[in-house]
Amino acid sequence: MEAGILLPPPTSSSPLSPPTSSVILTQDELKKIAAYKAVEYVESGMVLGLGTGSTAKHAVDRIGELLKQGKLQNIVGIPTSKMTHEQALSLGIPLSDLDSHPVLDLAIDGADEVDPHLNLVKGRGGSLLREKMVEGACKKFVCIVDESKLVKHLGGSGLAMPVEIVPFCWKFTAKKLQDLFEYAGCVGKLRTYVENGKPFVTDNGNYIVDLYFQKDMGDLKAASDAILQLPGVVEHGMFLDMATTVIVAGELGITVKNK
């Protein structure tokens, strides 16, 4: 189900002001528009999953702003990363965890890719494991993206599909992952820090192997199962059948896609 939603006319107080004929919105401005729209789903008293990344950051900022204004009350946030934890604390958002709140009302997060069936690739920011744990415990998961994230099939952007792995014998695991998708022209690369070339380390102390596909990997459920069966794999960045709503911001306005 898909609905087009027109943006309101520009006003000095509107966070969703649309472009005029002489204004081209930046990618970050589009992300902010989608994030603000997603926060409209938040109600007082909710337990919220707080996403990680450049798009989700805008949503967390907005939640903090509404709490400060008194427009939202009794919110509890469950952060999906150390970075989001620090951001939420700085905004005065009360925090907890899955141990105390095993069922969440709503999560808001971004995505790196969205296919026509609302399957996602997430984790290019490195927080895929905690994101999947939190967003898998939600009654409703609202994903927010700009239109550049829409793909015909997962992996179709040619950018990374992350897999979190244990550091022990990581080359062995990376080779197994690459061989698994040889039919799709897959190349696996260990994620490293640009500044020093050392392995990127997740909040959980693990490494990430980024998989790059030249062709469609095919049956996503089968691909997911095959990855998770490999010893050494912790989790992958395909979020299959998890998003209940995807909000897409583009130059012409906002599109809301529902399951």
# chains A, B, ... in the order shown; residues from 1 in each chain; ligands from 1
call {"tool": "residues_around", "arguments": {"residues": "Ser157 in chain A", "least_positions_apart": "2", "cutoff": "12 Å", "atoms": "only C-alpha atoms", "output": "PyMOL selection string"}}
result
chain A and resi 112-115+120-121+148-155+159-161+211-216
call {"tool": "residues_around", "arguments": {"residues": "range 82-97 of chain A", "least_positions_apart": "5", "cutoff": "6 Å", "atoms": "only C-alpha atoms", "output": "ChimeraX atom specification"}}
result
/A:52,64,76-77
call {"tool": "closest_residue", "arguments": {"among": "A:Leu118, A:Leu177, A:Ala107, A:Met46", "to": "Asp241 in chain A", "atoms": "only C-alpha atoms"}}
result
A:Leu118
call {"tool": "residues_around", "arguments": {"residues": "Ser224 in chain A", "least_positions_apart": "4", "cutoff": "8 Å", "atoms": "only C-alpha atoms", "output": "ChimeraX atom specification"}}
result
/A:220,228,236,238
call {"tool": "closest_residue", "arguments": {"among": "A:Met217, A:Ile165, A:Val142, A:Ile33", "to": "Ile254 in chain A", "atoms": "only C-alpha atoms"}}
result
A:Ile33
call {"tool": "atom_distance", "arguments": {"atom1": "CA of Thr202 in chain A", "atom2": "CA of Ser127 in chain A"}}
result
6.9 Å
call {"tool": "atom_distance", "arguments": {"atom1": "CA of Cys143 in chain A", "atom2": "CA of Gly188 in chain A"}}
result
26.6 Å
call {"tool": "select_by_dssp", "arguments": {"residues": "range 23-72 of chain A", "states": "strand (DSSP E)", "output": "list in words"}}
result
Val47, Leu48, Gly49 and Leu50 of chain A
call {"tool": "atom_distance", "arguments": {"atom1": "CA of Gly125 in chain A", "atom2": "CA of Leu66 in chain A"}}
result
26.1 Å
call {"tool": "closest_residue", "arguments": {"among": "A:Ala243, A:Ile108, A:Tyr207, A:Asp99", "to": "Glu40 in chain A", "atoms": "only C-alpha atoms"}}
result
A:Ile108
call {"tool": "residues_around", "arguments": {"residues": "His58 in chain A", "least_positions_apart": "2", "cutoff": "12 Å", "atoms": "only C-alpha atoms", "output": "PyMOL selection string"}}
result
chain A and resi 15+28-39+50-56+60-65+84+87-88+108-110+144-145
call {"tool": "select_by_dssp", "arguments": {"residues": "range 88-163 of chain A", "states": "helix (DSSP H, G or I)", "output": "VMD selection string"}}
result
chain A and resid 88 to 91 128 to 135 147 to 149
call {"tool": "write_last_selection", "arguments": {"atoms": "N, CA and C atoms", "output": "short mmCIF file (atom, residue, chain, number, x, y, z; two decimals), in the first residue's frame"}}
result
data_model
loop_
_atom_site.label_atom_id
_atom_site.label_comp_id
_atom_site.auth_asym_id
_atom_site.auth_seq_id
_atom_site.Cartn_x
_atom_site.Cartn_y
_atom_site.Cartn_z
N ALA A 88 20.93 10.64 22.93
CA ALA A 88 19.66 10.68 23.67
C ALA A 88 19.87 11.23 25.08
N LEU A 89 20.96 10.84 25.73
CA LEU A 89 21.25 11.36 27.06
C LEU A 89 21.41 12.88 27.02
N SER A 90 22.11 13.36 26.01
CA SER A 90 22.35 14.80 25.89
C SER A 90 21.06 15.58 25.68
N LEU A 91 20.03 14.91 25.14
CA LEU A 91 18.75 15.56 24.87
C LEU A 91 17.75 15.37 26.00
N LEU A 128 24.30 -2.85 13.04
CA LEU A 128 23.24 -3.75 12.58
C LEU A 128 22.74 -4.73 13.63
N LEU A 129 23.62 -5.27 14.48
CA LEU A 129 23.18 -6.26 15.45
C LEU A 129 22.21 -5.66 16.45
N ARG A 130 22.58 -4.56 17.08
CA ARG A 130 21.70 -3.94 18.07
C ARG A 130 20.43 -3.40 17.41
N GLU A 131 20.56 -2.86 16.19
CA GLU A 131 19.38 -2.39 15.47
C GLU A 131 18.40 -3.54 15.24
N LYS A 132 18.91 -4.70 14.83
CA LYS A 132 18.02 -5.82 14.54
C LYS A 132 17.38 -6.36 15.81
N MET A 133 18.13 -6.38 16.90
CA MET A 133 17.56 -6.83 18.18
C MET A 133 16.43 -5.91 18.64
N VAL A 134 16.66 -4.62 18.57
CA VAL A 134 15.66 -3.65 19.05
C VAL A 134 14.47 -3.59 18.10
N GLU A 135 14.75 -3.49 16.80
CA GLU A 135 13.66 -3.33 15.83
C GLU A 135 12.87 -4.62 15.64
N GLU A 147 15.02 9.29 -1.32
CA GLU A 147 14.69 8.46 -2.48
C GLU A 147 15.90 7.77 -3.11
N SER A 148 17.11 8.21 -2.79
CA SER A 148 18.31 7.57 -3.35
C SER A 148 18.50 6.15 -2.81
N LYS A 149 17.79 5.80 -1.72
CA LYS A 149 17.97 4.48 -1.09
C LYS A 149 17.07 3.41 -1.70
#
call {"tool": "closest_residue", "arguments": {"among": "A:Asn206, A:Thr26, A:Asn196, A:Thr173", "to": "Gly232 in chain A", "atoms": "only C-alpha atoms"}}
result
A:Thr173
call {"tool": "closest_residue", "arguments": {"among": "A:Glu195, A:Glu251, A:Asp105, A:Glu164", "to": "Gly123 in chain A", "atoms": "only C-alpha atoms"}}
result
A:Glu164
call {"tool": "closest_residue", "arguments": {"among": "A:Gly237, A:Pro79, A:Gly253, A:Gly158", "to": "Cys186 in chain A", "atoms": "only C-alpha atoms"}}
result
A:Gly158
call {"tool": "decode", "arguments": {"residues": "range 69-85 of chain A", "atoms": "all heavy atoms", "output": "PDB file, in the first residue's frame"}}
result
ATOM      1  N   GLN A  69       9.626  20.572  24.912  1.00  0.00           N
ATOM      2  CA  GLN A  69       8.486  21.482  24.759  1.00  0.00           C
ATOM      3  C   GLN A  69       7.257  21.001  25.525  1.00  0.00           C
ATOM      4  O   GLN A  69       6.269  21.727  25.631  1.00  0.00           O
ATOM      5  CB  GLN A  69       8.137  21.621  23.272  1.00  0.00           C
ATOM      6  CG  GLN A  69       9.194  22.314  22.444  1.00  0.00           C
ATOM      7  CD  GLN A  69       8.887  22.258  20.944  1.00  0.00           C
ATOM      8  OE1 GLN A  69       7.917  21.632  20.517  1.00  0.00           O
ATOM      9  NE2 GLN A  69       9.713  22.931  20.142  1.00  0.00           N
ATOM     10  N   GLY A  70       7.303  19.780  26.050  1.00  0.00           N
ATOM     11  CA  GLY A  70       6.160  19.221  26.756  1.00  0.00           C
ATOM     12  C   GLY A  70       5.103  18.629  25.849  1.00  0.00           C
ATOM     13  O   GLY A  70       4.035  18.211  26.304  1.00  0.00           O
ATOM     14  N   LYS A  71       5.365  18.559  24.545  1.00  0.00           N
ATOM     15  CA  LYS A  71       4.399  17.994  23.595  1.00  0.00           C
ATOM     16  C   LYS A  71       4.417  16.474  23.622  1.00  0.00           C
ATOM     17  O   LYS A  71       3.470  15.827  23.175  1.00  0.00           O
ATOM     18  CB  LYS A  71       4.687  18.518  22.188  1.00  0.00           C
ATOM     19  CG  LYS A  71       4.481  20.014  22.057  1.00  0.00           C
ATOM     20  CD  LYS A  71       4.823  20.513  20.664  1.00  0.00           C
ATOM     21  CE  LYS A  71       4.627  22.031  20.566  1.00  0.00           C
ATOM     22  NZ  LYS A  71       5.006  22.549  19.236  1.00  0.00           N
ATOM     23  N   LEU A  72       5.510  15.886  24.111  1.00  0.00           N
ATOM     24  CA  LEU A  72       5.590  14.453  24.380  1.00  0.00           C
ATOM     25  C   LEU A  72       5.953  14.266  25.846  1.00  0.00           C
ATOM     26  O   LEU A  72       6.738  15.042  26.398  1.00  0.00           O
ATOM     27  CB  LEU A  72       6.658  13.782  23.503  1.00  0.00           C
ATOM     28  CG  LEU A  72       6.338  13.530  22.038  1.00  0.00           C
ATOM     29  CD1 LEU A  72       7.546  12.922  21.341  1.00  0.00           C
ATOM     30  CD2 LEU A  72       5.118  12.617  21.871  1.00  0.00           C
ATOM     31  N   GLN A  73       5.382  13.241  26.469  1.00  0.00           N
ATOM     32  CA  GLN A  73       5.662  12.964  27.883  1.00  0.00           C
ATOM     33  C   GLN A  73       5.776  11.460  28.106  1.00  0.00           C
ATOM     34  O   GLN A  73       5.243  10.659  27.320  1.00  0.00           O
ATOM     35  CB  GLN A  73       4.538  13.525  28.769  1.00  0.00           C
ATOM     36  CG  GLN A  73       4.407  15.042  28.702  1.00  0.00           C
ATOM     37  CD  GLN A  73       3.241  15.553  29.525  1.00  0.00           C
ATOM     38  OE1 GLN A  73       2.346  14.802  29.879  1.00  0.00           O
ATOM     39  NE2 GLN A  73       3.256  16.845  29.832  1.00  0.00           N
ATOM     40  N   ASN A  74       6.498  11.094  29.161  1.00  0.00           N
ATOM     41  CA  ASN A  74       6.620   9.690  29.575  1.00  0.00           C
ATOM     42  C   ASN A  74       7.128   8.778  28.465  1.00  0.00           C
ATOM     43  O   ASN A  74       6.644   7.659  28.281  1.00  0.00           O
ATOM     44  CB  ASN A  74       5.268   9.165  30.089  1.00  0.00           C
ATOM     45  CG  ASN A  74       4.750   9.984  31.258  1.00  0.00           C
ATOM     46  OD1 ASN A  74       5.510  10.371  32.148  1.00  0.00           O
ATOM     47  ND2 ASN A  74       3.457  10.276  31.246  1.00  0.00           N
ATOM     48  N   ILE A  75       8.106   9.266  27.713  1.00  0.00           N
ATOM     49  CA  ILE A  75       8.745   8.479  26.665  1.00  0.00           C
ATOM     50  C   ILE A  75       9.922   7.710  27.270  1.00  0.00           C
ATOM     51  O   ILE A  75      10.665   8.241  28.093  1.00  0.00           O
ATOM     52  CB  ILE A  75       9.247   9.387  25.522  1.00  0.00           C
ATOM     53  CG1 ILE A  75       8.063  10.020  24.782  1.00  0.00           C
ATOM     54  CG2 ILE A  75      10.151   8.635  24.557  1.00  0.00           C
ATOM     55  CD1 ILE A  75       7.195   9.057  24.033  1.00  0.00           C
ATOM     56  N   VAL A  76      10.095   6.466  26.847  1.00  0.00           N
ATOM     57  CA  VAL A  76      11.286   5.694  27.202  1.00  0.00           C
ATOM     58  C   VAL A  76      11.966   5.272  25.910  1.00  0.00           C
ATOM     59  O   VAL A  76      11.319   4.709  25.018  1.00  0.00           O
ATOM     60  CB  VAL A  76      10.930   4.446  28.041  1.00  0.00           C
ATOM     61  CG1 VAL A  76      12.176   3.608  28.298  1.00  0.00           C
ATOM     62  CG2 VAL A  76      10.276   4.844  29.347  1.00  0.00           C
ATOM     63  N   GLY A  77      13.258   5.555  25.799  1.00  0.00           N
ATOM     64  CA  GLY A  77      13.994   5.224  24.595  1.00  0.00           C
ATOM     65  C   GLY A  77      14.913   4.025  24.796  1.00  0.00           C
ATOM     66  O   GLY A  77      15.538   3.888  25.852  1.00  0.00           O
ATOM     67  N   ILE A  78      14.995   3.165  23.783  1.00  0.00           N
ATOM     68  CA  ILE A  78      15.934   2.044  23.771  1.00  0.00           C
ATOM     69  C   ILE A  78      16.915   2.308  22.628  1.00  0.00           C
ATOM     70  O   ILE A  78      16.559   2.149  21.458  1.00  0.00           O
ATOM     71  CB  ILE A  78      15.223   0.688  23.546  1.00  0.00           C
ATOM     72  CG1 ILE A  78      13.993   0.545  24.441  1.00  0.00           C
ATOM     73  CG2 ILE A  78      16.207  -0.465  23.739  1.00  0.00           C
ATOM     74  CD1 ILE A  78      14.280   0.439  25.903  1.00  0.00           C
ATOM     75  N   PRO A  79      18.137   2.744  22.911  1.00  0.00           N
ATOM     76  CA  PRO A  79      19.076   3.100  21.848  1.00  0.00           C
ATOM     77  C   PRO A  79      19.674   1.876  21.164  1.00  0.00           C
ATOM     78  O   PRO A  79      19.825   0.816  21.787  1.00  0.00           O
ATOM     79  CB  PRO A  79      20.149   3.904  22.579  1.00  0.00           C
ATOM     80  CG  PRO A  79      20.093   3.424  23.991  1.00  0.00           C
ATOM     81  CD  PRO A  79      18.669   3.016  24.257  1.00  0.00           C
ATOM     82  N   THR A  80      20.017   2.021  19.892  1.00  0.00           N
ATOM     83  CA  THR A  80      20.576   0.915  19.112  1.00  0.00           C
ATOM     84  C   THR A  80      22.089   0.995  18.959  1.00  0.00           C
ATOM     85  O   THR A  80      22.676   0.202  18.229  1.00  0.00           O
ATOM     86  CB  THR A  80      19.929   0.871  17.713  1.00  0.00           C
ATOM     87  OG1 THR A  80      20.086   2.164  17.092  1.00  0.00           O
ATOM     88  CG2 THR A  80      18.447   0.543  17.792  1.00  0.00           C
ATOM     89  N   SER A  81      22.714   1.942  19.634  1.00  0.00           N
ATOM     90  CA  SER A  81      24.178   2.062  19.577  1.00  0.00           C
ATOM     91  C   SER A  81      24.653   2.942  20.722  1.00  0.00           C
ATOM     92  O   SER A  81      23.864   3.666  21.345  1.00  0.00           O
ATOM     93  CB  SER A  81      24.616   2.690  18.250  1.00  0.00           C
ATOM     94  OG  SER A  81      24.179   4.034  18.170  1.00  0.00           O
ATOM     95  N   LYS A  82      25.950   2.890  20.977  1.00  0.00           N
ATOM     96  CA  LYS A  82      26.542   3.780  21.980  1.00  0.00           C
ATOM     97  C   LYS A  82      26.404   5.233  21.546  1.00  0.00           C
ATOM     98  O   LYS A  82      26.176   6.129  22.371  1.00  0.00           O
ATOM     99  CB  LYS A  82      28.015   3.410  22.184  1.00  0.00           C
ATOM    100  CG  LYS A  82      28.226   2.048  22.845  1.00  0.00           C
ATOM    101  CD  LYS A  82      29.704   1.728  22.980  1.00  0.00           C
ATOM    102  CE  LYS A  82      29.917   0.356  23.622  1.00  0.00           C
ATOM    103  NZ  LYS A  82      31.353   0.002  23.714  1.00  0.00           N
ATOM    104  N   MET A  83      26.531   5.475  20.244  1.00  0.00           N
ATOM    105  CA  MET A  83      26.414   6.844  19.722  1.00  0.00           C
ATOM    106  C   MET A  83      25.020   7.415  19.991  1.00  0.00           C
ATOM    107  O   MET A  83      24.869   8.547  20.469  1.00  0.00           O
ATOM    108  CB  MET A  83      26.701   6.853  18.217  1.00  0.00           C
ATOM    109  CG  MET A  83      26.659   8.223  17.575  1.00  0.00           C
ATOM    110  SD  MET A  83      26.904   8.150  15.774  1.00  0.00           S
ATOM    111  CE  MET A  83      28.506   7.359  15.684  1.00  0.00           C
ATOM    112  N   THR A  84      23.987   6.627  19.690  1.00  0.00           N
ATOM    113  CA  THR A  84      22.616   7.079  19.931  1.00  0.00           C
ATOM    114  C   THR A  84      22.346   7.215  21.428  1.00  0.00           C
ATOM    115  O   THR A  84      21.620   8.115  21.858  1.00  0.00           O
ATOM    116  CB  THR A  84      21.610   6.115  19.287  1.00  0.00           C
ATOM    117  OG1 THR A  84      21.867   6.054  17.881  1.00  0.00           O
ATOM    118  CG2 THR A  84      20.175   6.583  19.504  1.00  0.00           C
ATOM    119  N   HIS A  85      22.928   6.342  22.227  1.00  0.00           N
ATOM    120  CA  HIS A  85      22.798   6.428  23.685  1.00  0.00           C
ATOM    121  C   HIS A  85      23.295   7.783  24.178  1.00  0.00           C
ATOM    122  O   HIS A  85      22.610   8.469  24.966  1.00  0.00           O
ATOM    123  CB  HIS A  85      23.601   5.287  24.334  1.00  0.00           C
ATOM    124  CG  HIS A  85      23.460   5.202  25.822  1.00  0.00           C
ATOM    125  ND1 HIS A  85      24.247   5.946  26.683  1.00  0.00           N
ATOM    126  CD2 HIS A  85      22.623   4.483  26.614  1.00  0.00           C
ATOM    127  CE1 HIS A  85      23.902   5.676  27.925  1.00  0.00           C
ATOM    128  NE2 HIS A  85      22.924   4.793  27.918  1.00  0.00           N
TER     129      HIS A  85
END
